[in-house]
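structure_27.cif (mmCIF, C-alpha atoms) appears below.
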data_my_file
loop_
_atom_site.group_PDB
_atom_site.id
_atom_site.type_symbol
_atom_site.label_atom_id
_atom_site.label_comp_id
_atom_site.auth_asym_id
_atom_site.auth_seq_id
_atom_site.Cartn_x
_atom_site.Cartn_y
_atom_site.Cartn_z
ATOM 1 C CA MET A 11 -7.564 26.876 37.093
ATOM 2 C CA ALA A 12 -8.402 26.877 33.364
ATOM 3 C CA PHE A 13 -11.969 26.351 32.230
ATOM 4 C CA MET A 14 -12.375 23.182 30.174
ATOM 5 C CA LYS A 15 -15.218 22.889 27.684
ATOM 6 C CA GLN A 16 -17.526 19.987 28.478
ATOM 7 C CA ALA A 17 -17.714 17.273 25.825
ATOM 8 C CA ILE A 18 -21.004 15.460 25.333
ATOM 9 C CA TYR A 19 -21.244 12.195 23.399
ATOM 10 C CA ASN A 20 -24.403 10.265 22.591
ATOM 11 C CA ILE A 21 -22.470 6.977 22.285
ATOM 12 C CA GLY A 22 -18.869 5.957 22.891
ATOM 13 C CA VAL A 23 -18.001 5.448 19.234
ATOM 14 C CA GLU A 24 -18.235 9.226 18.785
ATOM 15 C CA ASP A 25 -15.139 9.621 20.946
ATOM 16 C CA THR A 26 -13.395 6.763 19.133
ATOM 17 C CA MET A 27 -14.063 8.496 15.810
ATOM 18 C CA ARG A 28 -12.872 11.823 17.255
ATOM 19 C CA ILE A 29 -9.507 10.188 17.866
ATOM 20 C CA ILE A 30 -9.084 7.768 14.930
ATOM 21 C CA GLY A 31 -11.632 9.068 12.433
ATOM 22 C CA GLY A 32 -10.924 10.564 9.052
ATOM 23 C CA LYS A 33 -9.256 9.372 5.903
ATOM 24 C CA TRP A 34 -5.659 9.064 7.110
ATOM 25 C CA LYS A 35 -5.487 8.273 10.827
ATOM 26 C CA PRO A 36 -6.643 4.636 10.585
ATOM 27 C CA ILE A 37 -4.185 4.051 7.721
ATOM 28 C CA ILE A 38 -1.314 5.597 9.692
ATOM 29 C CA LEU A 39 -2.215 3.511 12.736
ATOM 30 C CA CYS A 40 -2.445 0.293 10.709
ATOM 31 C CA HIS A 41 1.133 0.864 9.548
ATOM 32 C CA LEU A 42 2.425 1.795 13.004
ATOM 33 C CA LYS A 43 0.899 -1.256 14.641
ATOM 34 C CA HIS A 44 3.498 -3.314 12.786
ATOM 35 C CA GLY A 45 6.379 -1.381 14.366
ATOM 36 C CA ILE A 46 8.385 1.823 14.584
ATOM 37 C CA MET A 47 8.450 3.948 11.432
ATOM 38 C CA ARG A 48 10.172 7.126 10.367
ATOM 39 C CA THR A 49 8.356 9.940 8.566
ATOM 40 C CA GLY A 50 9.789 8.981 5.161
ATOM 41 C CA GLU A 51 8.757 5.348 5.638
ATOM 42 C CA LEU A 52 5.199 6.443 6.404
ATOM 43 C CA ARG A 53 5.170 8.685 3.320
ATOM 44 C CA ARG A 54 6.287 5.758 1.126
ATOM 45 C CA ALA A 55 3.751 3.429 2.755
ATOM 46 C CA ILE A 56 0.959 5.999 2.195
ATOM 47 C CA PRO A 57 1.889 7.567 -1.160
ATOM 48 C CA ASN A 58 -1.276 9.670 -1.565
ATOM 49 C CA ILE A 59 -0.895 11.620 1.693
ATOM 50 C CA THR A 60 0.808 15.011 1.567
ATOM 51 C CA GLN A 61 3.656 15.825 3.943
ATOM 52 C CA LYS A 62 1.535 18.572 5.521
ATOM 53 C CA MET A 63 -1.400 16.200 6.155
ATOM 54 C CA LEU A 64 0.866 13.436 7.494
ATOM 55 C CA THR A 65 2.497 15.884 9.921
ATOM 56 C CA GLN A 66 -0.904 17.206 11.061
ATOM 57 C CA GLN A 67 -2.347 13.725 11.608
ATOM 58 C CA LEU A 68 0.767 12.526 13.473
ATOM 59 C CA ARG A 69 0.614 15.592 15.758
ATOM 60 C CA GLU A 70 -3.057 14.977 16.545
ATOM 61 C CA LEU A 71 -2.425 11.293 17.308
ATOM 62 C CA GLU A 72 0.499 12.283 19.532
ATOM 63 C CA ASP A 73 -1.632 14.894 21.342
ATOM 64 C CA ASP A 74 -4.276 12.220 22.000
ATOM 65 C CA GLY A 75 -1.668 9.874 23.485
ATOM 66 C CA ILE A 76 -2.007 7.280 20.703
ATOM 67 C CA ILE A 77 1.526 7.513 19.287
ATOM 68 C CA ASN A 78 5.016 8.313 20.527
ATOM 69 C CA ARG A 79 7.326 10.688 18.672
ATOM 70 C CA LYS A 80 11.006 10.147 19.380
ATOM 71 C CA VAL A 81 13.451 12.761 18.087
ATOM 72 C CA TYR A 82 17.153 11.936 17.829
ATOM 73 C CA SER A 83 19.623 14.842 18.056
ATOM 74 C CA GLN A 84 21.639 14.211 14.946
ATOM 75 C CA ILE A 85 22.219 15.701 11.518
ATOM 76 C CA PRO A 86 20.107 15.103 9.525
ATOM 77 C CA PRO A 87 17.375 14.935 12.173
ATOM 78 C CA LYS A 88 15.822 11.537 12.778
ATOM 79 C CA VAL A 89 12.249 11.151 14.061
ATOM 80 C CA GLU A 90 10.562 7.833 14.796
ATOM 81 C CA TYR A 91 6.904 7.136 15.464
ATOM 82 C CA SER A 92 5.413 4.206 17.336
ATOM 83 C CA LEU A 93 2.206 3.306 19.105
ATOM 84 C CA THR A 94 1.973 4.027 22.812
ATOM 85 C CA GLU A 95 0.671 1.292 25.091
ATOM 86 C CA TYR A 96 -2.666 3.123 24.954
ATOM 87 C CA GLY A 97 -2.462 3.223 21.146
ATOM 88 C CA GLU A 98 -1.769 -0.521 21.050
ATOM 89 C CA SER A 99 -5.182 -1.033 22.651
ATOM 90 C CA LEU A 100 -6.588 -0.109 19.201
ATOM 91 C CA ASN A 101 -4.830 -3.025 17.439
ATOM 92 C CA LYS A 102 -7.809 -5.402 17.489
ATOM 93 C CA ILE A 103 -10.134 -2.719 16.117
ATOM 94 C CA LEU A 104 -7.615 -1.851 13.380
ATOM 95 C CA GLU A 105 -7.107 -5.514 12.433
ATOM 96 C CA ASP A 106 -10.865 -6.016 12.222
ATOM 97 C CA LEU A 107 -11.218 -2.936 9.982
ATOM 98 C CA CYS A 108 -8.421 -4.142 7.686
ATOM 99 C CA VAL A 109 -9.819 -7.652 7.346
ATOM 100 C CA TRP A 110 -13.379 -6.368 6.879
ATOM 101 C CA GLY A 111 -12.123 -4.140 4.048
ATOM 102 C CA GLU A 112 -10.331 -7.099 2.430
ATOM 103 C CA LYS A 113 -13.535 -9.154 2.543
ATOM 104 C CA ASP A 114 -15.501 -6.244 1.068
ATOM 105 C CA ILE A 115 -12.952 -5.901 -1.749
ATOM 106 C CA GLU A 116 -13.322 -9.618 -2.529
ATOM 107 C CA ARG A 117 -17.138 -9.261 -2.529
ATOM 108 C CA ARG A 118 -16.926 -6.309 -4.903
ATOM 109 C CA LYS A 119 -14.446 -8.121 -7.179
ATOM 110 C CA GLN A 120 -16.889 -11.034 -7.411
ATOM 111 C CA LYS A 121 -19.493 -8.536 -8.608
ATOM 112 C CA GLY A 122 -17.134 -7.520 -11.413
ATOM 113 C CA GLU A 123 -15.361 -4.447 -10.024
ATOM 114 C CA ASN A 124 -11.742 -4.047 -11.074
ATOM 115 C CA ILE A 125 -9.893 -3.592 -7.763
ATOM 116 C CA ILE A 126 -6.259 -4.184 -6.828
ATOM 117 C CA LEU A 127 -5.347 -4.627 -3.160
ATOM 118 C CA LEU A 128 -1.601 -4.099 -2.752
ATOM 119 C CA ASN A 129 -1.246 -5.279 0.872
ATOM 120 C CA LYS A 130 -3.223 -7.607 3.095
ATOM 121 C CA GLU A 131 -3.434 -7.630 6.869
ATOM 122 C CA ASP A 132 -1.341 -10.423 8.367
ATOM 123 C CA VAL A 133 -4.137 -11.698 10.622
ATOM 124 C CA ALA A 134 -5.846 -14.980 9.800
ATOM 125 C CA ALA A 135 -9.338 -14.023 8.638
ATOM 126 C CA ASP A 136 -10.792 -17.270 9.995
ATOM 127 C CA SER A 137 -9.790 -16.184 13.519
ATOM 128 C CA LEU A 138 -12.324 -13.345 13.385
ATOM 129 C CA PRO A 139 -15.891 -13.876 14.591
ATOM 130 C CA TYR A 140 -17.517 -12.879 11.286
ATOM 131 C CA ALA A 141 -15.278 -14.952 8.979
ATOM 132 C CA ASP A 142 -17.183 -17.185 6.573
#
Rewrite the structure from the file as C-alpha coordinates, please.
Amino acid sequence: MAFMKQAIYNIGVEDTMRIIGGKWKPIILCHLKHGIMRTGELRRAIPNITQKMLTQQLRELEDDGIINRKVYSQIPPKVEYSLTEYGESLNKILEDLCVWGEKDIERRKQKGENIILLNKEDVAADSLPYAD
(Lines of atoms letter the chains of each structure in order from A and count residues from 1; the text may use other names and numbers.)
(Lines give C-alpha, C1' and ligand atoms only; values in the text may rest on other atoms or scores of the structure.)
Protein backbone atom coordinates (compact mmCIF):
# COMPACT_ATOMS: atom_id res chain seq x y z
CA MET A 1 0.00 0.00 0.00
CA ALA A 2 1.43 3.39 -1.03
CA PHE A 3 1.97 6.08 1.57
CA MET A 4 -0.18 9.15 0.92
CA LYS A 5 0.91 12.54 2.24
CA GLN A 6 -1.63 14.03 4.63
CA ALA A 7 -3.19 17.31 3.51
CA ILE A 8 -4.12 19.86 6.16
CA TYR A 9 -6.42 22.80 5.42
CA ASN A 10 -7.36 25.59 7.80
CA ILE A 11 -10.63 26.25 5.92
CA GLY A 12 -12.41 24.57 3.03
CA VAL A 13 -11.77 27.35 0.53
CA GLU A 14 -8.09 26.36 0.56
CA ASP A 15 -9.02 23.09 -1.14
CA THR A 16 -11.34 24.90 -3.56
CA MET A 17 -8.48 27.21 -4.53
CA ARG A 18 -6.11 24.23 -4.87
CA ILE A 19 -8.42 22.89 -7.56
CA ILE A 20 -9.72 26.02 -9.34
CA GLY A 21 -7.21 28.66 -8.27
CA GLY A 22 -4.79 30.51 -10.48
CA LYS A 23 -5.10 32.79 -13.45
CA TRP A 24 -6.43 30.35 -16.05
CA LYS A 25 -8.47 27.56 -14.45
CA PRO A 26 -11.54 29.67 -13.58
CA ILE A 27 -11.52 31.14 -17.11
CA ILE A 28 -11.28 27.68 -18.69
CA LEU A 29 -14.09 26.42 -16.47
CA CYS A 30 -16.32 29.41 -17.26
CA HIS A 31 -16.02 28.55 -20.95
CA LEU A 32 -16.58 24.82 -20.45
CA LYS A 33 -19.69 25.35 -18.36
CA HIS A 34 -21.41 26.50 -21.54
CA GLY A 35 -20.67 23.20 -23.31
CA ILE A 36 -18.15 20.91 -24.94
CA MET A 37 -15.11 22.61 -26.48
CA ARG A 38 -12.12 21.49 -28.47
CA THR A 39 -8.58 22.66 -27.69
CA GLY A 40 -8.55 25.16 -30.58
CA GLU A 41 -11.88 26.63 -29.48
CA LEU A 42 -10.51 27.15 -25.97
CA ARG A 43 -7.37 28.80 -27.39
CA ARG A 44 -9.51 31.21 -29.44
CA ALA A 45 -11.78 31.91 -26.45
CA ILE A 46 -8.72 32.60 -24.24
CA PRO A 47 -6.29 34.30 -26.63
CA ASN A 48 -3.65 35.21 -24.02
CA ILE A 49 -3.04 31.65 -22.79
CA THR A 50 -0.17 29.69 -24.32
CA GLN A 51 -0.74 26.20 -25.69
CA LYS A 52 1.62 24.79 -23.05
CA MET A 53 -0.27 26.49 -20.19
CA LEU A 54 -3.67 25.47 -21.57
CA THR A 55 -2.54 21.84 -21.84
CA GLN A 56 -1.12 21.90 -18.29
CA GLN A 57 -4.26 23.44 -16.79
CA LEU A 58 -6.56 21.02 -18.66
CA ARG A 59 -4.49 18.05 -17.42
CA GLU A 60 -4.68 19.27 -13.82
CA LEU A 61 -8.46 19.80 -14.05
CA GLU A 62 -8.82 16.32 -15.56
CA ASP A 63 -6.66 14.79 -12.80
CA ASP A 64 -8.89 16.45 -10.18
CA GLY A 65 -12.02 15.01 -11.80
CA ILE A 66 -13.40 18.41 -12.84
CA ILE A 67 -13.32 17.91 -16.62
CA ASN A 68 -13.62 15.06 -19.10
CA ARG A 69 -11.19 14.63 -21.99
CA LYS A 70 -12.58 12.65 -24.90
CA VAL A 71 -10.16 11.61 -27.64
CA TYR A 72 -11.48 10.51 -31.03
CA SER A 73 -9.31 8.11 -33.07
CA GLN A 74 -9.18 9.99 -36.33
CA ILE A 75 -6.72 11.94 -38.45
CA PRO A 76 -6.22 14.71 -37.54
CA PRO A 77 -6.80 13.83 -33.88
CA LYS A 78 -9.87 15.34 -32.26
CA VAL A 79 -10.04 16.02 -28.51
CA GLU A 80 -13.06 17.45 -26.70
CA TYR A 81 -13.29 18.79 -23.17
CA SER A 82 -16.38 19.06 -21.00
CA LEU A 83 -17.25 19.39 -17.35
CA THR A 84 -17.82 16.21 -15.38
CA GLU A 85 -20.90 15.99 -13.18
CA TYR A 86 -18.58 16.86 -10.29
CA GLY A 87 -17.21 19.82 -12.27
CA GLU A 88 -20.76 21.04 -12.96
CA SER A 89 -21.18 21.45 -9.20
CA LEU A 90 -18.89 24.50 -9.59
CA ASN A 91 -21.28 26.28 -12.00
CA LYS A 92 -22.97 28.47 -9.38
CA ILE A 93 -19.61 29.57 -7.95
CA LEU A 94 -18.31 30.35 -11.46
CA GLU A 95 -21.45 32.31 -12.39
CA ASP A 96 -21.18 34.33 -9.19
CA LEU A 97 -17.51 35.10 -9.91
CA CYS A 98 -18.32 36.20 -13.47
CA VAL A 99 -21.20 38.45 -12.43
CA TRP A 100 -19.23 39.90 -9.51
CA GLY A 101 -16.42 40.78 -11.93
CA GLU A 102 -18.90 42.44 -14.31
CA LYS A 103 -20.27 44.56 -11.45
CA ASP A 104 -16.74 45.49 -10.39
CA ILE A 105 -15.90 46.52 -13.97
CA GLU A 106 -18.99 48.75 -14.05
CA ARG A 107 -17.99 50.30 -10.68
CA ARG A 108 -14.49 50.98 -11.97
CA LYS A 109 -15.81 52.44 -15.25
CA GLN A 110 -17.99 54.83 -13.23
CA LYS A 111 -14.81 55.98 -11.48
CA GLY A 112 -13.32 56.82 -14.88
CA GLU A 113 -11.28 53.73 -15.75
CA ASN A 114 -11.19 52.83 -19.44
CA ILE A 115 -12.23 49.16 -19.49
CA ILE A 116 -13.74 47.03 -22.25
CA LEU A 117 -15.57 43.82 -21.32
CA LEU A 118 -15.88 41.64 -24.42
CA ASN A 119 -18.28 39.00 -23.03
CA LYS A 120 -20.85 38.97 -20.26
CA GLU A 121 -22.13 36.02 -18.28
CA ASP A 122 -25.59 34.96 -19.44
CA VAL A 123 -27.05 34.86 -15.92
CA ALA A 124 -29.50 37.54 -14.84
CA ALA A 125 -27.60 39.65 -12.31
CA ASP A 126 -30.81 40.45 -10.41
CA SER A 127 -31.20 36.73 -9.61
CA LEU A 128 -28.09 36.86 -7.42
CA PRO A 129 -28.37 37.66 -3.71
CA TYR A 130 -26.02 40.67 -3.84
CA ALA A 131 -27.53 42.35 -6.92
CA ASP A 132 -28.43 46.00 -6.41
Suppose a student applies the PyMOL selection byres ((chain A and resi 80-88) around 12) to this structure; what residues should they get, written as a list in words?
Ile46, Met47, Arg48, Thr49, Gly50, Glu51, Glu72, Ile77, Asn78, Arg79, Val89, Glu90, Tyr91, Ser92, Leu93 and Thr94 of chain A
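Between Trp34 in chain A and the residues A:Asp73, A:Thr60, A:Asp114, A:Ile125, the shortest atom-to-atom distance, using only C-alpha atoms, involves A:Thr60.
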From CA of Gly97 in chain A to CA of Asp74 in chain A the spacing works out at 9.2 Å
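Residues selected in this file by the PyMOL selection byres ((chain A and resi 108) around 10) comprise A:Pro36, A:Ile37, A:Cys40, A:Lys102, A:Ile103, A:Leu104, A:Glu105, A:Asp106, A:Leu107, A:Val109, A:Trp110, A:Gly111, A:Glu112, A:Lys113, A:Asp114, A:Asn129, A:Lys130, A:Glu131, A:Asp132, A:Val133, A:Ala135.
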Can you report as AutoDock Vina command-line options the centre and edge lengths in Å, to one decimal, of an axis-aligned box around the listed atoms of range 124-129 of chain A padded with 5 Å on each side?
--center_x -6.5 --center_y -4.4 --center_z -5.1 --size_x 20.5 --size_y 11.7 --size_z 21.9
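You will find CA of Leu42 in chain A at 16.7 Å from CA of Gln61 in chain A.
For the set A:Tyr19, A:Leu71, A:Lys119, A:Asn58, the residue with the smallest atom-to-atom gap to Lys35 in chain A is A:Leu71, counting only C-alpha atoms.
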